[in-house]
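Heads up, my_file11.txt below (compact mmCIF, C-alpha atoms and all ligand atoms):
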# COMPACT_ATOMS: atom_id res chain seq x y z
CA MET A 1 7.98 83.14 8.49
CA PRO A 2 10.20 80.79 6.44
CA LEU A 3 8.36 78.66 3.92
CA SER A 4 10.64 75.79 4.90
CA THR A 5 8.68 75.47 8.17
CA LEU A 6 5.81 74.05 6.15
CA CYS A 7 8.07 71.74 4.11
CA LEU A 8 9.71 70.37 7.25
CA HIS A 9 6.20 69.50 8.41
CA CYS A 10 5.37 67.81 5.10
CA GLY A 11 8.05 66.13 2.98
CA MET A 12 5.53 64.75 0.51
CA CYS A 13 7.25 65.99 -2.67
CA CYS A 14 10.35 64.00 -1.62
CA ASP A 15 9.03 60.90 0.12
CA GLY A 16 7.18 59.25 -2.76
CA THR A 17 3.72 60.43 -1.77
CA LEU A 18 3.33 62.95 -4.61
CA PHE A 19 5.89 61.71 -7.14
CA THR A 20 7.95 58.66 -7.99
CA GLN A 21 11.09 60.37 -9.28
CA VAL A 22 12.95 63.65 -9.86
CA PRO A 23 14.22 64.24 -13.42
CA LEU A 24 17.90 65.28 -13.52
CA GLN A 25 19.88 67.55 -15.81
CA PRO A 26 22.83 65.77 -17.48
CA ASN A 27 25.34 67.60 -15.26
CA GLU A 28 23.61 66.74 -11.97
CA SER A 29 24.32 63.03 -11.70
CA GLY A 30 27.95 63.28 -10.58
CA ALA A 31 27.40 65.24 -7.38
CA LEU A 32 24.43 63.09 -6.36
CA THR A 33 26.33 59.87 -7.02
CA ARG A 34 29.24 61.16 -4.93
CA LEU A 35 26.76 61.66 -2.10
CA GLY A 36 25.89 57.98 -2.44
CA LEU A 37 22.39 58.55 -3.83
CA PRO A 38 21.13 55.79 -6.14
CA LEU A 39 20.06 57.04 -9.59
CA THR A 40 18.14 55.20 -12.29
CA THR A 41 17.89 55.54 -16.07
CA ARG A 42 14.52 55.89 -17.73
CA GLU A 43 13.57 54.13 -20.95
CA ASP A 44 14.11 57.41 -22.83
CA GLY A 45 17.69 57.58 -21.54
CA GLY A 46 17.07 60.32 -18.98
CA THR A 47 18.53 59.94 -15.50
CA VAL A 48 16.27 60.31 -12.48
CA LEU A 49 16.52 60.38 -8.71
CA PRO A 50 13.95 57.83 -7.52
CA GLN A 51 11.55 58.55 -4.68
CA PRO A 52 11.24 58.03 -1.79
CA CYS A 53 14.45 60.05 -2.08
CA ALA A 54 17.43 58.47 -0.35
CA ALA A 55 18.56 61.96 0.68
CA LEU A 56 15.50 62.44 2.86
CA GLU A 57 16.01 61.95 6.59
CA GLY A 58 12.73 62.29 8.37
CA ARG A 59 11.40 65.30 6.47
CA ARG A 60 14.75 67.00 5.92
CA CYS A 61 16.83 67.00 2.72
CA THR A 62 20.39 65.92 3.52
CA ALA A 63 21.54 66.87 0.01
CA TYR A 64 20.18 70.40 0.25
CA LEU A 65 23.19 72.23 -1.24
CA GLU A 66 23.53 69.68 -4.05
CA ARG A 67 19.81 69.11 -4.69
CA PRO A 68 18.77 69.02 -8.34
CA GLU A 69 17.37 72.02 -10.18
CA ALA A 70 13.93 70.35 -10.31
CA CYS A 71 13.92 70.27 -6.49
CA ARG A 72 15.11 73.89 -6.24
CA ARG A 73 12.36 75.10 -8.55
CA TYR A 74 9.51 73.01 -7.26
CA ARG A 75 6.81 74.54 -5.12
CA CYS A 76 3.54 72.76 -4.65
CA GLN A 77 0.25 74.60 -4.87
CA LEU A 78 -0.05 74.79 -1.07
CA LEU A 79 3.42 76.30 -0.65
CA ASN A 80 2.57 78.86 -3.34
CA ALA A 81 -0.65 79.72 -1.52
CA LEU A 82 1.32 80.21 1.69
CA ALA A 83 3.90 82.37 -0.08
CA GLU A 84 1.13 84.54 -1.52
CA GLY A 85 -0.55 84.91 1.87
CA GLU A 86 -3.67 83.09 0.68
CA VAL A 87 -3.43 80.68 3.63
CA SER A 88 -1.81 81.00 7.05
CA LEU A 89 0.93 78.65 8.21
CA ASP A 90 -1.50 76.99 10.62
CA GLU A 91 -4.05 76.47 7.85
CA ALA A 92 -1.38 75.07 5.53
CA LYS A 93 -0.12 72.71 8.24
CA GLY A 94 -3.70 71.54 8.72
CA VAL A 95 -3.92 70.69 5.02
CA VAL A 96 -0.65 68.74 5.30
CA ASP A 97 -1.99 66.88 8.34
CA ALA A 98 -5.16 66.02 6.41
CA ALA A 99 -3.06 64.72 3.51
CA HIS A 100 -0.92 62.61 5.85
CA ALA A 101 -4.13 61.19 7.34
CA ARG A 102 -5.35 60.16 3.87
CA VAL A 103 -2.03 58.48 3.12
CA GLU A 104 -2.28 56.64 6.45
CA ALA A 105 -5.79 55.51 5.48
CA VAL A 106 -4.27 53.93 2.36
CA ALA A 107 -1.69 52.18 4.54
CA ARG A 108 -4.42 50.86 6.82
CA ALA A 109 -6.50 49.63 3.90
CA LEU A 110 -3.47 47.77 2.60
CA ALA A 111 -2.79 46.44 6.10
CA SER A 112 0.65 47.96 5.71
CA PRO A 113 2.57 48.04 9.01
CA GLN A 114 3.30 51.78 8.88
CA GLY A 115 2.13 54.93 7.15
CA GLY A 116 4.24 56.97 4.77
CA PRO A 117 5.28 56.77 1.16
CA ALA A 118 5.62 53.04 0.67
CA PRO A 119 1.87 52.38 0.91
CA MET A 120 1.13 54.97 -1.81
CA ARG A 121 3.66 53.37 -4.12
CA GLN A 122 2.38 49.93 -3.28
CA ALA A 123 -1.21 51.00 -3.84
CA ARG A 124 -0.47 52.76 -7.16
CA ALA A 125 1.46 49.77 -8.47
CA ALA A 126 -1.41 47.42 -7.61
CA ALA A 127 -4.25 49.86 -8.36
CA SER A 128 -6.14 47.57 -10.74
CA THR A 129 -6.18 44.63 -8.31
CA LEU A 130 -6.79 46.45 -5.02
CA PRO A 131 -9.72 45.45 -2.81
CA PRO A 132 -12.53 48.05 -2.90
CA GLU A 133 -11.66 49.67 0.45
CA ALA A 134 -8.03 50.20 -0.51
CA ARG A 135 -9.00 51.46 -3.96
CA GLU A 136 -11.40 53.98 -2.43
CA ALA A 137 -8.73 55.16 0.05
CA LEU A 138 -6.24 55.55 -2.81
CA THR A 139 -8.75 57.47 -4.95
CA GLN A 140 -9.51 59.83 -2.08
CA ALA A 141 -5.84 60.37 -1.25
CA GLU A 142 -4.89 61.07 -4.89
CA ALA A 143 -7.80 63.50 -5.32
CA PHE A 144 -6.78 65.39 -2.17
CA LEU A 145 -3.14 65.51 -3.27
CA ASP A 146 -4.17 66.75 -6.73
CA ARG A 147 -6.44 69.43 -5.29
CA HIS A 148 -4.11 70.85 -2.65
CA PHE A 149 -0.59 70.00 -3.78
CA ARG A 150 -0.10 68.99 -7.39
CA GLY A 151 -2.76 71.25 -8.87
CA ARG A 152 -1.83 72.55 -12.26
CA PHE A 153 1.86 72.19 -11.41
CA ARG A 154 1.76 68.42 -11.78
CA ARG A 155 5.31 67.23 -12.35
CA SER A 156 5.81 64.11 -14.42
CA GLY A 157 6.37 60.96 -12.41
S1 LIG B 1 4.71 69.09 -1.07
FE1 LIG B 1 4.78 71.35 -0.85
S2 LIG B 1 4.67 71.80 1.33
FE2 LIG B 1 5.19 69.63 1.07
S3 LIG B 1 7.46 69.58 1.17
FE3 LIG B 1 6.87 69.75 -1.00
S4 LIG B 1 6.84 71.95 -1.51
FE4 LIG B 1 6.85 71.74 0.76
S1 LIG B 2 17.26 65.81 -3.26
FE1 LIG B 2 16.35 66.71 -1.41
S2 LIG B 2 14.80 68.13 -2.21
FE2 LIG B 2 15.30 66.68 -3.87
S3 LIG B 2 13.82 64.97 -3.71
FE3 LIG B 2 15.65 64.42 -2.51
S4 LIG B 2 15.18 65.05 -0.40
FE4 LIG B 2 13.79 66.14 -1.77

Represent the structure from my file as structure tokens, please.
Amino acid sequence: MPLSTLCLHCGMCCDGTLFTQVPLQPNESGALTRLGLPLTTREDGGTVLPQPCAALEGRRCTAYLERPEACRRYRCQLLNALAEGEVSLDEAKGVVDAAHARVEAVARALASPQGGPAPMRQARAAASTLPPEAREALTQAEAFLDRHFRGRFRRSG
């Protein structure tokens, strides 16, 4: 069973739900720029690929062969658990569905027109001024994402 089946059901390490950016090695910018992907420079001078990633179409990476090393190496906690046989594919998909539902709850609390990554970004950026319902939805979503996905492999950003 290919692990990519789970990732094609998820997409959350690319769509801005889990992270805001992918750090790049100095030699990775050229190929990504040639693909038309917008890059940004951090205050410390490092170049990053912002998320939601422009290479993502639906839940598929359109830059797969040229994707950065950080993307190649990254496996969330849930994908690791699946690889180790600690959870079945159906169980793992259920966890992804539950995470998507929590993200959608954030979108609803923000009265955002659609679910997905933008509400999480919006909610994080405005965290200190959110109404109580939206703040609670954000807290619950982040805790779920930490517990099942980021775990101890939290990537900066
Ligand atoms: S968050 Fe995990 S399961 Fe989801 S796409 Fe990324 S590696 Fe795959
Ligand atoms: S380059 Fe591909 S794998 Fe990396 S963040 Fe973008 S969509 Fe995801």

- line: Computed gap from atom CA of Ala101 of chain A to atom CA of Pro132 of chain A is 18.7 Å

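You can rank A:Met120, A:Leu56, A:Leu145, A:Val48 by their closest distance to ligand LIG 2 (chain B) using only C-alpha atoms and all ligand atoms, and at the top of that list sits A:Leu56.
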
- request: Please indicate the distance in Å from atom CA of Thr20 of chain A to atom CA of Glu84 of chain A, rounded to one decimal place.
  value: 27.5 Å

Using 12 Å as the limit and counting only C-alpha atoms and all ligand atoms, can you tabulate each residue of chain A that touches ligand LIG 1 (chain B), with its shortest atom-to-atom distance in Å and the two atoms involved, as a Markdown table?
| residue | atom | partner | partner_atom | distance |
| --- | --- | --- | --- | --- |
| A:Pro2 | CA | B:LIG1 | FE4 | 11.2 |
| A:Leu3 | CA | B:LIG1 | FE4 | 7.8 |
| A:Ser4 | CA | B:LIG1 | FE4 | 6.9 |
| A:Thr5 | CA | B:LIG1 | FE4 | 8.5 |
| A:Leu6 | CA | B:LIG1 | S2 | 5.4 |
| A:Cys7 | CA | B:LIG1 | FE4 | 3.6 |
| A:Leu8 | CA | B:LIG1 | S3 | 6.5 |
| A:His9 | CA | B:LIG1 | S3 | 7.3 |
| A:Cys10 | CA | B:LIG1 | FE2 | 4.4 |
| A:Gly11 | CA | B:LIG1 | S3 | 3.9 |
| A:Met12 | CA | B:LIG1 | S1 | 4.7 |
| A:Cys13 | CA | B:LIG1 | FE3 | 4.1 |
| A:Cys14 | CA | B:LIG1 | FE3 | 6.7 |
| A:Asp15 | CA | B:LIG1 | S3 | 8.9 |
| A:Gly16 | CA | B:LIG1 | S1 | 10.3 |
| A:Thr17 | CA | B:LIG1 | S1 | 8.7 |
| A:Leu18 | CA | B:LIG1 | S1 | 7.2 |
| A:Phe19 | CA | B:LIG1 | S1 | 9.6 |
| A:Leu56 | CA | B:LIG1 | S3 | 10.9 |
| A:Gly58 | CA | B:LIG1 | S3 | 11.5 |
| A:Arg59 | CA | B:LIG1 | S3 | 7.9 |
| A:Arg60 | CA | B:LIG1 | S3 | 9.1 |
| A:Cys61 | CA | B:LIG1 | S3 | 9.8 |
| A:Ala70 | CA | B:LIG1 | S4 | 11.4 |
| A:Cys71 | CA | B:LIG1 | S4 | 8.8 |
| A:Arg72 | CA | B:LIG1 | S4 | 9.7 |
| A:Arg73 | CA | B:LIG1 | S4 | 9.5 |
| A:Tyr74 | CA | B:LIG1 | S4 | 6.4 |
| A:Arg75 | CA | B:LIG1 | S4 | 4.4 |
| A:Cys76 | CA | B:LIG1 | FE1 | 4.2 |
| A:Gln77 | CA | B:LIG1 | FE1 | 6.9 |
| A:Leu78 | CA | B:LIG1 | FE1 | 5.9 |
| A:Leu79 | CA | B:LIG1 | S2 | 5.1 |
| A:Asn80 | CA | B:LIG1 | FE1 | 8.2 |
| A:Ala81 | CA | B:LIG1 | S2 | 10.0 |
| A:Leu82 | CA | B:LIG1 | S2 | 9.1 |
| A:Ala83 | CA | B:LIG1 | S2 | 10.7 |
| A:Leu89 | CA | B:LIG1 | S2 | 10.4 |
| A:Glu91 | CA | B:LIG1 | S2 | 11.8 |
| A:Ala92 | CA | B:LIG1 | S2 | 8.1 |
| A:Lys93 | CA | B:LIG1 | S2 | 8.5 |
| A:Gly94 | CA | B:LIG1 | S2 | 11.2 |
| A:Val95 | CA | B:LIG1 | S2 | 9.4 |
| A:Val96 | CA | B:LIG1 | FE2 | 7.3 |
| A:Asp97 | CA | B:LIG1 | FE2 | 10.6 |
| A:Ala99 | CA | B:LIG1 | FE2 | 9.9 |
| A:His100 | CA | B:LIG1 | FE2 | 10.5 |
| A:Leu145 | CA | B:LIG1 | S1 | 8.9 |
| A:Asp146 | CA | B:LIG1 | S1 | 10.8 |
| A:Arg147 | CA | B:LIG1 | S1 | 11.9 |
| A:His148 | CA | B:LIG1 | FE1 | 9.1 |
| A:Phe149 | CA | B:LIG1 | S1 | 6.0 |
| A:Arg150 | CA | B:LIG1 | S1 | 7.9 |
| A:Gly151 | CA | B:LIG1 | FE1 | 11.0 |
| A:Phe153 | CA | B:LIG1 | FE1 | 11.0 |
| A:Arg154 | CA | B:LIG1 | S1 | 11.1 |
| A:Arg155 | CA | B:LIG1 | S1 | 11.4 |

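Residues lying within 12 Å of Gly30 of chain A, counting all atoms listed in the file and ignoring same-chain neighbours fewer than 2 positions away, are Leu24, Gln25, Pro26, Asn27, Glu28, Leu32, Thr33, Arg34, Leu35, Gly36, Leu37, Pro38, Leu39, Thr47, Leu49, Glu66, Arg67 and Pro68 of chain A.
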
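If you measure from each of A:Thr41, A:Ala54, A:Ser29, A:Arg108 to ligand LIG 2 (chain B) using only C-alpha atoms and all ligand atoms, the closest one turns out to be A:Ala54.
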